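Pasted below: input-v7.tsv, TSV, C-alpha atoms.
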chain	number	residue	atom	x	y	z
C	1	MET	CA	-19.86	18.14	4.81
C	2	LYS	CA	-22.80	15.98	3.81
C	3	GLY	CA	-21.21	13.38	6.12
C	4	LYS	CA	-22.21	9.93	7.01
C	5	ALA	CA	-19.87	9.94	9.96
C	6	GLY	CA	-19.74	6.73	11.91
C	7	SER	CA	-22.62	5.30	9.89
C	8	GLY	CA	-20.70	2.26	8.71
C	9	ARG	CA	-22.16	2.88	5.25
C	10	GLY	CA	-20.70	0.36	2.84
C	11	THR	CA	-20.37	-2.23	5.59
C	12	ASP	CA	-20.51	-5.78	4.26
C	13	ALA	CA	-19.36	-7.81	7.24
C	14	GLY	CA	-19.31	-11.46	6.37
C	15	LYS	CA	-18.11	-10.88	2.84
C	16	GLY	CA	-14.51	-11.27	1.74
C	17	ILE	CA	-11.56	-8.93	1.82
C	18	ASP	CA	-9.39	-8.43	-1.26
C	19	PHE	CA	-5.70	-7.58	-1.42
C	20	VAL	CA	-4.41	-5.18	-4.06
C	21	ILE	CA	-0.66	-5.24	-4.72
C	22	LEU	CA	1.23	-2.88	-7.06
C	23	TRP	CA	4.44	-4.07	-8.69
C	24	VAL	CA	6.89	-2.86	-11.31
C	25	ASP	CA	9.98	-4.57	-12.70
C	26	GLY	CA	12.39	-1.69	-13.12
C	27	ASN	CA	14.95	-4.12	-14.57
C	28	ASP	CA	12.83	-4.87	-17.62
C	29	PRO	CA	14.59	-3.41	-20.75
C	30	ALA	CA	11.31	-2.76	-22.55
C	31	TRP	CA	9.94	-0.91	-19.55
C	32	GLN	CA	13.21	1.04	-19.20
C	33	GLN	CA	12.96	2.23	-22.79
C	34	LYS	CA	9.42	3.43	-22.23
C	35	TRP	CA	10.46	5.11	-18.97
C	36	ALA	CA	13.34	6.94	-20.69
C	37	ARG	CA	11.04	8.18	-23.44
C	38	TYR	CA	8.96	10.15	-20.93
C	39	ALA	CA	11.39	10.86	-18.06
C	40	ASN	CA	13.74	13.33	-19.73
C	41	ASP	CA	11.91	16.50	-18.80
C	42	GLU	CA	10.60	15.39	-15.40
C	43	GLN	CA	11.76	17.06	-12.20
C	44	ASN	CA	11.52	16.45	-8.45
C	45	ASN	CA	12.27	13.02	-7.00
C	46	GLY	CA	9.58	11.16	-8.91
C	47	THR	CA	12.04	9.73	-11.43
C	48	ALA	CA	14.71	8.51	-8.99
C	49	GLU	CA	16.03	5.04	-9.85
C	50	ASN	CA	15.31	3.65	-6.38
C	51	ARG	CA	11.59	4.29	-6.93
C	52	PHE	CA	11.50	1.54	-9.56
C	53	ARG	CA	14.30	-0.97	-8.95
C	54	ASP	CA	13.22	-4.49	-8.09
C	55	TRP	CA	14.54	-6.18	-4.94
C	56	GLY	CA	13.47	-9.63	-6.16
C	57	LEU	CA	11.31	-10.25	-3.10
C	58	MET	CA	7.83	-10.49	-4.61
C	59	ARG	CA	7.66	-14.28	-4.33
C	60	TYR	CA	7.92	-13.83	-0.54
C	61	TRP	CA	4.94	-11.51	-0.65
C	62	PHE	CA	2.84	-14.30	-2.16
C	63	ARG	CA	4.29	-16.88	0.21
C	64	GLY	CA	3.44	-14.63	3.13
C	65	VAL	CA	-0.14	-14.17	1.96
C	66	GLU	CA	-0.65	-17.91	1.45
C	67	ARG	CA	0.78	-18.80	4.85
C	68	PHE	CA	-0.29	-15.87	7.00
C	69	ALA	CA	-3.56	-14.70	5.34
C	70	PRO	CA	-5.13	-17.78	3.69
C	71	TRP	CA	-8.58	-16.21	4.19
C	72	VAL	CA	-8.09	-13.52	1.50
C	73	ARG	CA	-10.84	-13.55	-1.15
C	74	LYS	CA	-8.85	-12.38	-4.19
C	75	ILE	CA	-5.48	-10.86	-4.97
C	76	PHE	CA	-5.40	-8.13	-7.63
C	77	PHE	CA	-1.85	-7.92	-8.99
C	78	VAL	CA	-1.52	-4.49	-10.65
C	79	THR	CA	1.28	-3.98	-13.17
C	80	ASP	CA	2.13	-2.29	-16.45
C	81	GLY	CA	1.53	-5.65	-18.12
C	82	GLN	CA	4.63	-7.13	-16.47
C	83	VAL	CA	4.43	-10.61	-14.97
C	84	PRO	CA	7.19	-12.40	-13.01
C	85	GLN	CA	8.21	-15.57	-14.85
C	86	TRP	CA	7.53	-17.67	-11.78
C	87	LEU	CA	3.99	-16.36	-11.13
C	88	ASP	CA	1.14	-18.81	-11.83
C	89	LEU	CA	-1.63	-16.70	-13.36
C	90	GLY	CA	-3.89	-19.74	-13.24
C	91	HIS	CA	-4.30	-19.53	-9.48
C	92	PRO	CA	-8.06	-19.16	-8.82
C	93	ARG	CA	-7.62	-16.28	-6.37
C	94	LEU	CA	-5.21	-14.27	-8.49
C	95	ARG	CA	-6.24	-11.56	-10.96
C	96	LEU	CA	-3.70	-9.82	-13.17
C	97	VAL	CA	-4.71	-6.18	-13.61
C	98	ARG	CA	-3.00	-4.10	-16.28
C	99	HIS	CA	-3.05	-0.33	-16.04
C	100	GLU	CA	-5.18	-0.10	-19.18
C	101	ASP	CA	-7.82	-2.29	-17.52
C	102	TYR	CA	-8.95	0.57	-15.28
C	103	ILE	CA	-7.00	3.81	-15.99
C	104	PRO	CA	-8.24	5.96	-18.92
C	105	GLY	CA	-6.00	5.58	-21.95
C	106	GLN	CA	-5.13	9.27	-22.27
C	107	TYR	CA	-3.09	9.00	-19.04
C	108	LEU	CA	-1.05	5.98	-20.12
C	109	PRO	CA	1.66	5.02	-19.87
C	110	THR	CA	2.06	6.24	-16.33
C	111	PHE	CA	4.98	5.79	-13.98
C	112	ASN	CA	3.22	7.65	-11.19
C	113	SER	CA	2.14	5.43	-8.31
C	114	ASN	CA	-0.31	8.11	-7.20
C	115	VAL	CA	-2.21	7.92	-10.49
C	116	ILE	CA	-2.16	4.12	-10.37
C	117	GLU	CA	-3.64	4.17	-6.86
C	118	LEU	CA	-6.22	6.93	-7.26
C	119	TRP	CA	-8.19	4.95	-9.86
C	120	LEU	CA	-8.24	1.62	-7.96
C	121	HIS	CA	-12.00	1.66	-7.42
C	122	ARG	CA	-12.42	1.10	-11.18
C	123	ILE	CA	-10.70	-2.30	-11.13
C	124	PRO	CA	-13.24	-4.85	-12.42
C	125	ASP	CA	-14.59	-7.25	-9.76
C	126	LEU	CA	-12.76	-5.52	-6.89
C	127	GLY	CA	-14.72	-6.04	-3.68
C	128	GLU	CA	-16.11	-3.33	-1.41
C	129	ARG	CA	-13.43	-3.98	1.20
C	130	PHE	CA	-9.81	-4.17	0.12
C	131	VAL	CA	-6.30	-3.73	1.48
C	132	LEU	CA	-3.73	-1.83	-0.58
C	133	PHE	CA	-0.13	-3.07	-0.47
C	134	ASN	CA	2.87	-1.51	-2.13
C	135	ASP	CA	5.50	-3.96	-3.31
C	136	ASP	CA	7.70	-3.16	-0.31
C	137	MET	CA	5.11	-4.32	2.26
C	138	PHE	CA	5.25	-7.93	3.45
C	139	LEU	CA	3.35	-10.16	5.85
C	140	THR	CA	5.79	-11.83	8.25
C	141	ALA	CA	3.40	-13.40	10.80
C	142	PRO	CA	-0.24	-14.56	10.89
C	143	VAL	CA	-2.94	-11.92	10.39
C	144	GLY	CA	-6.70	-12.19	10.46
C	145	PRO	CA	-9.45	-10.20	8.76
C	146	GLU	CA	-9.86	-8.32	12.05
C	147	ASP	CA	-6.37	-6.85	11.61
C	148	PHE	CA	-7.72	-4.91	8.62
C	149	PHE	CA	-11.47	-4.50	9.21
C	150	GLU	CA	-13.71	-4.52	12.26
C	151	ALA	CA	-17.51	-4.59	12.00
C	152	GLY	CA	-17.07	-3.85	8.30
C	153	LEU	CA	-15.01	-0.70	8.87
C	154	PRO	CA	-11.34	-0.19	7.96
C	155	ARG	CA	-8.97	-0.35	10.90
C	156	GLU	CA	-6.90	2.80	11.20
C	157	SER	CA	-4.92	5.00	13.58
C	158	ALA	CA	-6.19	8.59	13.70
C	159	LEU	CA	-2.92	10.28	14.67
C	160	LEU	CA	-2.47	13.98	14.02
C	161	ASP	CA	0.87	15.12	12.63
C	162	MET	CA	2.68	18.04	11.02
C	163	ALA	CA	4.02	17.99	7.45
C	164	THR	CA	7.78	18.54	7.21
C	165	ALA	CA	10.26	18.48	4.33
C	166	PRO	CA	13.83	17.10	4.36
C	167	GLY	CA	14.63	19.08	1.22
C	168	PRO	CA	12.98	21.23	-1.49
C	169	GLU	CA	13.16	18.40	-4.05
C	170	ASP	CA	10.98	16.08	-1.95
C	171	CYS	CA	7.49	15.66	-3.40
C	172	LEU	CA	5.84	14.18	-0.31
C	173	PRO	CA	5.19	17.30	1.80
C	174	HIS	CA	3.64	19.04	-1.19
C	175	MET	CA	1.34	16.08	-1.84
C	176	LEU	CA	0.29	16.02	1.82
C	177	MET	CA	-0.56	19.72	1.63
C	178	ASN	CA	-2.63	19.07	-1.49
C	179	ASN	CA	-4.53	16.27	0.26
C	180	PHE	CA	-5.28	18.34	3.33
C	181	ALA	CA	-6.31	21.42	1.40
C	182	LEU	CA	-9.22	19.25	0.23
C	183	ILE	CA	-9.76	17.67	3.64
C	184	ASN	CA	-10.04	21.11	5.24
C	185	ARG	CA	-12.41	22.20	2.46
C	186	HIS	CA	-14.86	19.42	3.29
C	187	PHE	CA	-14.38	18.87	7.03
C	188	GLN	CA	-14.26	21.10	10.09
C	189	LYS	CA	-11.49	19.81	12.34
C	190	ARG	CA	-13.16	20.76	15.61
C	191	GLU	CA	-16.41	19.06	14.64
C	192	VAL	CA	-14.64	15.92	13.35
C	193	MET	CA	-12.69	15.51	16.57
C	194	ARG	CA	-15.70	16.24	18.78
C	195	ARG	CA	-17.85	13.71	16.93
C	196	ASN	CA	-15.14	11.03	17.00
C	197	ALA	CA	-13.43	11.88	20.28
C	198	ARG	CA	-13.14	8.26	21.38
C	199	LYS	CA	-11.38	7.36	18.14
C	200	PHE	CA	-8.97	10.29	18.20
C	201	PHE	CA	-8.13	9.91	21.89
C	202	SER	CA	-8.04	6.14	22.21
C	203	PRO	CA	-5.67	4.61	24.80
C	204	ARG	CA	-4.65	2.15	22.07
C	205	TYR	CA	-2.36	4.85	20.68
C	206	GLY	CA	-0.11	4.71	23.75
C	207	ARG	CA	2.51	7.44	23.77
C	208	ASP	CA	1.33	8.67	20.36
C	209	LEU	CA	-1.82	9.94	22.07
C	210	MET	CA	0.17	12.90	23.41
C	211	ARG	CA	0.66	14.25	19.88
C	212	ASN	CA	-3.11	14.31	19.33
C	213	LEU	CA	-3.59	16.22	22.57
C	214	LEU	CA	-0.95	18.79	21.61
C	215	LEU	CA	-2.14	19.32	18.02
C	216	ALA	CA	-5.88	19.25	18.69
C	217	PRO	CA	-6.23	23.02	19.38
C	218	PHE	CA	-4.94	24.06	15.94
C	219	GLN	CA	-7.73	25.22	13.64
C	220	TYR	CA	-6.96	23.09	10.59
C	221	PHE	CA	-5.72	19.60	9.90
C	222	SER	CA	-2.09	19.63	8.78
C	223	CYS	CA	-1.83	15.90	8.11
C	224	PHE	CA	-2.32	12.51	9.71
C	225	ARG	CA	0.62	10.35	10.58
C	226	ASP	CA	0.98	7.58	8.01
C	227	SER	CA	2.58	4.33	9.12
C	228	HIS	CA	3.64	3.30	5.58
C	229	LEU	CA	1.90	-0.02	6.10
C	230	PRO	CA	-0.94	-1.68	4.15
C	231	SER	CA	-4.05	0.53	3.95
C	232	SER	CA	-7.60	-0.76	4.46
C	233	TYR	CA	-10.24	0.83	2.26
C	234	LEU	CA	-13.91	0.90	1.45
C	235	LYS	CA	-14.33	1.19	-2.30
C	236	ARG	CA	-17.22	3.57	-1.75
C	237	THR	CA	-14.85	6.06	-0.15
C	238	PHE	CA	-13.00	6.35	-3.45
C	239	GLU	CA	-16.31	6.81	-5.25
C	240	ASP	CA	-17.40	9.55	-2.81
C	241	VAL	CA	-14.14	11.48	-3.10
C	242	TRP	CA	-14.20	11.24	-6.88
C	243	GLU	CA	-17.76	12.54	-6.87
C	244	CYS	CA	-16.68	15.56	-4.79
C	245	GLU	CA	-13.27	16.33	-6.31
C	246	GLY	CA	-13.17	14.42	-9.60
C	247	ASP	CA	-11.66	17.25	-11.65
C	248	LEU	CA	-8.63	17.61	-9.38
C	249	LEU	CA	-8.14	13.86	-9.09
C	250	GLU	CA	-8.33	13.39	-12.84
C	251	ALA	CA	-5.85	16.21	-13.42
C	252	CYS	CA	-3.23	14.16	-11.58
C	253	GLY	CA	-3.32	11.78	-14.53
C	254	ASN	CA	-1.36	14.34	-16.53
C	255	ASN	CA	1.64	13.76	-14.26
C	256	ARG	CA	3.34	10.67	-15.66
C	257	PHE	CA	5.77	10.71	-12.71
C	258	ARG	CA	5.23	11.69	-9.12
C	259	SER	CA	4.81	15.44	-8.92
C	260	LYS	CA	4.47	18.14	-6.31
C	261	SER	CA	0.98	18.83	-7.66
C	262	ASP	CA	-0.25	15.26	-7.05
C	263	LEU	CA	-2.96	14.02	-4.74
C	264	THR	CA	-2.46	10.57	-3.22
C	265	HIS	CA	-4.49	7.58	-2.06
C	266	TRP	CA	-3.90	8.82	1.50
C	267	LEU	CA	-6.59	11.38	0.72
C	268	MET	CA	-9.07	8.48	0.78
C	269	LYS	CA	-7.68	7.24	4.09
C	270	CYS	CA	-7.95	10.70	5.63
C	271	TRP	CA	-11.49	11.04	4.27
C	272	GLN	CA	-12.48	7.80	5.99
C	273	ILE	CA	-10.98	9.03	9.24
C	274	CYS	CA	-12.77	12.38	9.06
C	275	GLU	CA	-16.08	10.68	8.34
C	276	GLY	CA	-15.51	8.43	11.33
C	277	ASN	CA	-15.73	5.38	9.09
C	278	PHE	CA	-12.90	3.47	10.73
C	279	ALA	CA	-12.21	1.25	13.72
C	280	VAL	CA	-9.30	2.15	15.97
C	281	ARG	CA	-6.08	0.19	15.58
C	282	GLY	CA	-2.97	0.53	17.72
C	283	THR	CA	0.40	1.36	16.24
C	284	GLY	CA	2.35	-1.79	17.12
C	285	TRP	CA	1.01	-4.25	14.54
C	286	GLY	CA	3.64	-3.46	11.91
C	287	ARG	CA	6.88	-1.62	11.34
C	288	HIS	CA	8.31	0.64	8.66
C	289	PHE	CA	12.03	0.59	7.82
C	290	GLU	CA	14.17	2.84	5.66
C	291	LEU	CA	16.66	0.57	3.88
C	292	TRP	CA	20.23	1.67	4.41
C	293	GLU	CA	23.43	0.08	5.70
C	294	ASP	CA	22.94	0.84	9.38
C	295	SER	CA	19.40	-0.55	9.44
C	296	LEU	CA	20.07	-3.79	7.55
C	297	GLU	CA	20.66	-6.14	10.49
C	298	GLU	CA	17.72	-4.69	12.42
C	299	VAL	CA	15.51	-5.30	9.39
C	300	CYS	CA	16.72	-8.89	9.07
C	301	ARG	CA	16.22	-9.61	12.77
C	302	CYS	CA	12.66	-8.29	12.62
C	303	ILE	CA	11.87	-10.56	9.68
C	304	GLU	CA	13.59	-13.67	11.06
C	305	ARG	CA	12.12	-13.32	14.57
C	306	GLN	CA	8.72	-12.40	13.11
C	307	SER	CA	8.57	-9.52	15.57
C	308	CYS	CA	5.80	-7.78	13.59
C	309	ARG	CA	2.91	-9.03	11.53
C	310	VAL	CA	3.83	-6.78	8.62
C	311	VAL	CA	6.90	-4.81	7.58
C	312	CYS	CA	7.53	-2.08	5.04
C	313	LEU	CA	11.01	-1.99	3.51
C	314	ASN	CA	11.25	1.45	1.94
C	315	ASP	CA	13.95	1.87	-0.71
C	316	SER	CA	14.71	5.54	-0.17
C	317	ARG	CA	18.48	5.84	-0.72
C	318	MET	CA	20.82	5.40	-3.65
C	319	ASP	CA	24.03	5.29	-1.58
C	320	ILE	CA	23.71	1.66	-0.48
C	321	GLU	CA	25.31	-1.65	-1.48
C	322	PHE	CA	22.15	-2.70	-3.26
C	323	GLU	CA	23.11	-6.23	-4.36
C	324	ARG	CA	24.55	-7.19	-0.97
C	325	MET	CA	21.52	-5.87	0.92
C	326	LYS	CA	19.19	-7.54	-1.54
C	327	ARG	CA	20.82	-10.94	-0.93
C	328	ARG	CA	20.83	-10.50	2.85
C	329	ILE	CA	17.14	-9.60	3.06
C	330	ALA	CA	16.21	-12.48	0.75
C	331	GLU	CA	18.07	-14.83	3.10
C	332	SER	CA	15.96	-13.60	6.00
C	333	PHE	CA	12.70	-14.15	4.13
C	334	GLU	CA	13.90	-17.59	3.05
C	335	ARG	CA	14.29	-18.56	6.70
C	336	ILE	CA	10.62	-17.93	7.51
C	337	LEU	CA	9.09	-18.68	4.08
C	338	PRO	CA	11.23	-21.38	2.44
C	339	GLN	CA	8.41	-23.28	0.71
C	340	CYS	CA	7.14	-22.32	-2.72
C	341	SER	CA	3.55	-21.13	-2.64
C	342	ALA	CA	0.76	-22.25	-4.94
C	343	TYR	CA	1.08	-18.83	-6.59
C	344	GLU	CA	4.47	-19.89	-7.93
C	345	ILE	CA	4.57	-22.16	-10.96
C	346	ARG	CA	6.81	-24.68	-9.23
C	347	GLY	CA	4.66	-24.51	-6.12
C	348	ALA	CA	1.47	-25.01	-8.13
C	349	GLU	CA	2.95	-27.99	-9.93
C	350	GLN	CA	4.06	-29.47	-6.61
C	351	GLU	CA	0.59	-28.95	-5.13
C	352	ARG	CA	-1.07	-30.66	-8.09
C	353	THR	CA	1.37	-33.56	-7.84
C	354	GLU	CA	0.60	-33.98	-4.14
C	355	ASP	CA	-3.14	-33.92	-4.89
C	356	ARG	CA	-2.72	-36.65	-7.52
C	357	THR	CA	-0.66	-38.71	-5.08
C	358	GLU	CA	-3.34	-38.41	-2.42
C	359	GLU	CA	-6.01	-39.42	-4.94
C	360	ARG	CA	-4.06	-42.55	-5.91
C	361	GLN	CA	-3.58	-43.44	-2.25
C	362	GLU	CA	-7.29	-43.12	-1.65
Structure translated into structure tokens:
Amino acid sequence: MKGKAGSGRGTDAGKGIDFVILWVDGNDPAWQQKWARYANDEQNNGTAENRFRDWGLMRYWFRGVERFAPWVRKIFFVTDGQVPQWLDLGHPRLRLVRHEDYIPGQYLPTFNSNVIELWLHRIPDLGERFVLFNDDMFLTAPVGPEDFFEAGLPRESALLDMATAPGPEDCLPHMLMNNFALINRHFQKREVMRRNARKFFSPRYGRDLMRNLLLAPFQYFSCFRDSHLPSSYLKRTFEDVWECEGDLLEACGNNRFRSKSDLTHWLMKCWQICEGNFAVRGTGWGRHFELWEDSLEEVCRCIERQSCRVVCLNDSRMDIEFERMKRRIAESFERILPQCSAYEIRGAEQERTEDRTEERQE
């Protein structure tokens, strides 16, 4: 590998950090018609309804960012042209990004989150350092820039893992194998771990360190454990990977829905880890939940007690009481984030009214 391991190339400490958030309104009739036009012949689990249904929680994402991460430079809100009615597009830090703004037209429309994420480096005005959120990831307590970047490098946990499959219809293990076929093409596992031993065997990993010790002797990387939490990226990593494997990455654009032949944005994360371009982060800063009946109250307690700085609420099951769970989780967010943010039209109007009142008082 022509590596720049540990070089910190692309470091721009002192400059801002952007947030990128992907959102789709699966309840939109126009979007549903477009989805149905292309979904008929698709297979695997990339067309499952729960991949697109909206939990109505996005306003709490913006409230969380305003309250818990007021230092963010810009927010890039990526959609298929959809905009929540309550969202104030006039907010100076907010940029609406439509798929056609950065994805080549021959691959549109796309309903494949992997395609949407693989091209992110082409978003106009996106900064060198950015954090990628899916629309099921929420800030629930204060975070600082150092939670995402340290000395200009993305914060990450380099935890070895093994790819497993709960069933043959699941796309994820296939996509992980695709990612790591490329990782193993460009990186020698033994050399990567020797060069970055302190990062792979950091005491910050706690009990998870044992897995690294057990899996280290295997010749090839199988996969890295992914926390399903926001991902910190250097834009130049995307550019490097595209330079090396552009044909394969572009071919994913032909899959309008998630497919077993896809690559994912985790390839970029793994590339950063193998280059050593990351700063070690422990595993306790956030928590990932699968949303189902037995987990509901635990999810709500975590939100209400603000036990973690960030949570991921993964909608992975169809056999749930969706409307009841949706209301219950919204109640929990309302307890910690009851005030409209300036990203909401009502919140922006309220903020402008308060500013005018203060001016008159002065």
Report as CSV the residues of segment 115-230 of chain C within 12 Å of segment 329-343 of chain C, each with its shortest atom pair and distance in Å (one decimal), using only C-alpha atoms, ordered by chain and increasing residue number.
residue,atom,partner,partner_atom,distance
C:Asp136,CA,C:Ile329,CA,11.9
C:Phe138,CA,C:Phe333,CA,9.7
C:Leu139,CA,C:Phe333,CA,10.3
C:Thr140,CA,C:Ile336,CA,7.8
C:Ala141,CA,C:Ile336,CA,9.1
C:Pro142,CA,C:Ile336,CA,11.9
Written selection (C-alpha atoms) as an mmCIF file, in the coordinates of the input:
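The new file again20.cif reads:
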data_model
loop_
_atom_site.group_PDB
_atom_site.id
_atom_site.type_symbol
_atom_site.label_atom_id
_atom_site.label_comp_id
_atom_site.auth_asym_id
_atom_site.auth_seq_id
_atom_site.Cartn_x
_atom_site.Cartn_y
_atom_site.Cartn_z
ATOM 1 C CA ASP C 136 7.700 -3.160 -0.310
ATOM 2 C CA PHE C 138 5.250 -7.930 3.450
ATOM 3 C CA LEU C 139 3.350 -10.160 5.850
ATOM 4 C CA THR C 140 5.790 -11.830 8.250
ATOM 5 C CA ALA C 141 3.400 -13.400 10.800
ATOM 6 C CA PRO C 142 -0.240 -14.560 10.890
#
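Counting only C-alpha atoms, the residue from C:Arg59, C:Arg53, C:Arg324, C:Arg225 that sits nearest to Leu176 of chain C is C:Arg225.
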Seminar exercise, completed: Across C:Val310, C:Val299, C:Leu96, C:Val192, the smallest distance to Gln272 of chain C, with only C-alpha atoms counted, is shown by C:Val192
Exercise. How far is it from atom CA of Phe221 of chain C to atom CA of Thr264 of chain C, in Å with one decimal?
Worked result: 16.3 Å
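The residue that comes closest to Leu126 of chain C, out of C:Lys74, C:Ala181, C:Trp61, C:Ser316 and on the basis of only C-alpha atoms, is C:Lys74.
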For this session: Tell me which of C:Arg236, C:Arg211, C:Arg287, C:Arg258 sits closest to Glu128 of chain C, counting all atoms listed in the file.
Result: C:Arg236
Seminar exercise, completed: The distance between atom CA of Asn212 of chain C and atom CA of Leu159 of chain C is 6.2 Å
